[in-house]
Amino acid sequence: MPLDSQTTTLWIQPTGGPLGADVHGVDLAREIAPSTFATLAEAWAQHLVLRFSGQRLDDEALMRFSRLWGELDRVPIGTGVEKANGVAANAVEWVTVISNVKVGGKPIGGLGSYESIWHTDMSYNPLPPRASLLYAIECPPAGGDTGFANMELAYDTLPADLKQSAEGRSCTHDSSRNSAGEYRRGFKAVSGPRETPGAVHPLVRRDPVTGSKSLFLGRRAGAYVRGLSVDDSEALLNGLWAHASQPKFAWYQRWRIGDLVMWDNRCTMHRRDAFDETARRVMHRTQIVGESVVAG
Ligand code: OGA
Ligand code: MN
């Protein structure tokens with residue numbers, strides 16, 4: 001019987017951590033058979049973060065694979081980077097460059113070389129992306145690892161008092177600052193968390209398909225729990241964040257050139273370690289349009 005090389009070698013290897021799995025035996029630059037996609041979708045639903053190593057993707061191929069998961073989302077607001085950033089002309093609306101590299105003194109991408117703190121991508125939008133896909137083109141020899149944290153697990157293990165306080169509450173997701181704390185173009189500081197611009201989402205999210213619940217915190221800076229005094233809001237958020245950012249919920253990706261990592265942006269958070277600013281790191285990212293966040 002002839003062997004189909006793609007289906008016979010496709011292999012999902014869990015990281016052994018609280019989330020994440022490696023996918024072996026698939027070349028993402030080639031057409032993905034429906035049966036292969038079904039296996040990937042099942043693995044993604046189960047592990048929330050998938051890593052595909054040893055890929056060779058141009059923007060076209062990155063967008064083609066990304067579109068299998070839904071409609072592409074536009075690049076984030078106010079990134080304010082140079083146009084000559086290495087993205088193909090037909091991809092500039094859809095592919096975000098994450099890089100510390102500068103050309104003519106101007107950064108070609110976002111996030112520089114510094115730490116990026118725990119966050120969900122673009123949750124300041126009314127419809128936060130369902131997924132983000134990040135592809136490594138150049139990597140520093142050390143540093144710049146990306147941590148992913150499982151917010152279903154964080155919800156399930158939440159102490160009863162915090163669970164009760166979060167139930168039925170919503171918070172603001174700051175649109176004015178990026179995950180490195182920098183103000184986006186066109187935004188400036190406001191007088192307090194009640195004035196923070198950005199979408200409001202439930203703190204506890206329920207997956208409309210599986211029904212599983214997760215914490216949906218977005219980003220700490222500028223967050224405000226609606227209907228509470230600022231002090232009570234701060235206390236609740238501090239409690240939720242202290243719980244959610246424990247290392248036991250996280251797994252870290254050490255990047256190699258050719259890694260594509262895709263994460264469920266609804267029930268995970270991520271952060272990035274700083275790295276040596278003189279080293280080069282170049283990543284291209286796509287996002288998949290999501291749905292409105294359903295309260296848990
Ligand atoms: C992102 C992000 C982390 C990284 O692209 O959304 O947070 O490792 N990147 O660069
Ligand atoms: Mn991010």
# chains A, B, ... in the order shown; residues from 1 in each chain; ligands from 1
$ closest_atom_pairs --of "chain A" --to "ligand 1" --cutoff "7 Å" --atoms "only C-alpha atoms and all ligand atoms" --output "Markdown table"
| residue | atom | partner | partner_atom_place_in_ligand_line | distance |
| --- | --- | --- | --- | --- |
| A:Ile98 | CA | ligand 1 | 10 (O) | 5.8 |
| A:Leu111 | CA | ligand 1 | 10 (O) | 6.9 |
| A:Ser116 | CA | ligand 1 | 7 (O) | 6.7 |
| A:Asp121 | CA | ligand 1 | 6 (O) | 5.6 |
| A:Leu134 | CA | ligand 1 | 5 (O) | 6.2 |
| A:Gly144 | CA | ligand 1 | 8 (O) | 6.2 |
| A:Asp145 | CA | ligand 1 | 8 (O) | 6.2 |
| A:Thr146 | CA | ligand 1 | 8 (O) | 4.6 |
| A:His270 | CA | ligand 1 | 7 (O) | 6.3 |
| A:Arg271 | CA | ligand 1 | 7 (O) | 5.9 |
| A:Arg272 | CA | ligand 1 | 8 (O) | 5.0 |
| A:Met283 | CA | ligand 1 | 10 (O) | 7.0 |
| A:Arg285 | CA | ligand 1 | 5 (O) | 6.1 |
$ residues_around --residues "Tyr252 of chain A" --least-positions-apart "6" --cutoff "12 Å" --atoms "only C-alpha atoms" --output "ChimeraX atom specification"
/A:15-21,49,51,143-150,261,269-273
$ select_by_dssp --residues "segment 209-246 of chain A" --states "alpha helix (DSSP H)" --output "list in words"
Val230, Asp231, Asp232, Ser233, Glu234, Ala235, Leu236, Leu237, Asn238, Gly239, Leu240, Trp241, Ala242, His243 and Ala244 of chain A
$ write_last_selection --atoms "N, CA and C atoms" --output "short mmCIF file (atom, residue, chain, number, x, y, z; two decimals), in the first residue's frame"
data_model
loop_
_atom_site.label_atom_id
_atom_site.label_comp_id
_atom_site.auth_asym_id
_atom_site.auth_seq_id
_atom_site.Cartn_x
_atom_site.Cartn_y
_atom_site.Cartn_z
N VAL A 230 -12.26 52.14 42.75
CA VAL A 230 -10.93 51.89 42.19
C VAL A 230 -10.11 51.01 43.14
N ASP A 231 -10.23 51.25 44.45
CA ASP A 231 -9.49 50.43 45.42
C ASP A 231 -9.91 48.97 45.38
N ASP A 232 -11.22 48.74 45.34
CA ASP A 232 -11.71 47.34 45.30
C ASP A 232 -11.32 46.67 43.98
N SER A 233 -11.38 47.45 42.91
CA SER A 233 -10.98 46.93 41.60
C SER A 233 -9.51 46.53 41.62
N GLU A 234 -8.67 47.40 42.17
CA GLU A 234 -7.23 47.11 42.25
C GLU A 234 -6.99 45.85 43.08
N ALA A 235 -7.70 45.74 44.20
CA ALA A 235 -7.49 44.58 45.08
C ALA A 235 -7.89 43.28 44.37
N LEU A 236 -9.03 43.31 43.70
CA LEU A 236 -9.48 42.10 42.99
C LEU A 236 -8.50 41.75 41.86
N LEU A 237 -8.12 42.75 41.09
CA LEU A 237 -7.20 42.48 39.97
C LEU A 237 -5.85 41.98 40.48
N ASN A 238 -5.36 42.57 41.57
CA ASN A 238 -4.09 42.10 42.13
C ASN A 238 -4.18 40.64 42.54
N GLY A 239 -5.30 40.27 43.15
CA GLY A 239 -5.49 38.87 43.56
C GLY A 239 -5.55 37.94 42.36
N LEU A 240 -6.31 38.33 41.35
CA LEU A 240 -6.45 37.47 40.16
C LEU A 240 -5.12 37.33 39.43
N TRP A 241 -4.39 38.46 39.30
CA TRP A 241 -3.11 38.41 38.59
C TRP A 241 -2.06 37.63 39.36
N ALA A 242 -2.04 37.77 40.68
CA ALA A 242 -1.07 37.02 41.48
C ALA A 242 -1.29 35.52 41.28
N HIS A 243 -2.56 35.13 41.21
CA HIS A 243 -2.88 33.72 40.99
C HIS A 243 -2.50 33.30 39.57
N ALA A 244 -2.95 34.09 38.58
CA ALA A 244 -2.82 33.68 37.17
C ALA A 244 -1.37 33.66 36.69
#
$ select_by_dssp --residues "segment 65-104 of chain A" --states "strand (DSSP E)" --output "ChimeraX atom specification"
/A:96-99,102-103
$ closest_residue --among "A:Thr9, A:Gln46, A:Asn85, A:Gln287" --to "Ser123 of chain A" --atoms "only C-alpha atoms"
A:Gln287
$ closest_residue --among "A:Ser170, A:Pro247, A:Pro129, A:Trp255" --to "Val282 of chain A" --atoms "only C-alpha atoms"
A:Trp255
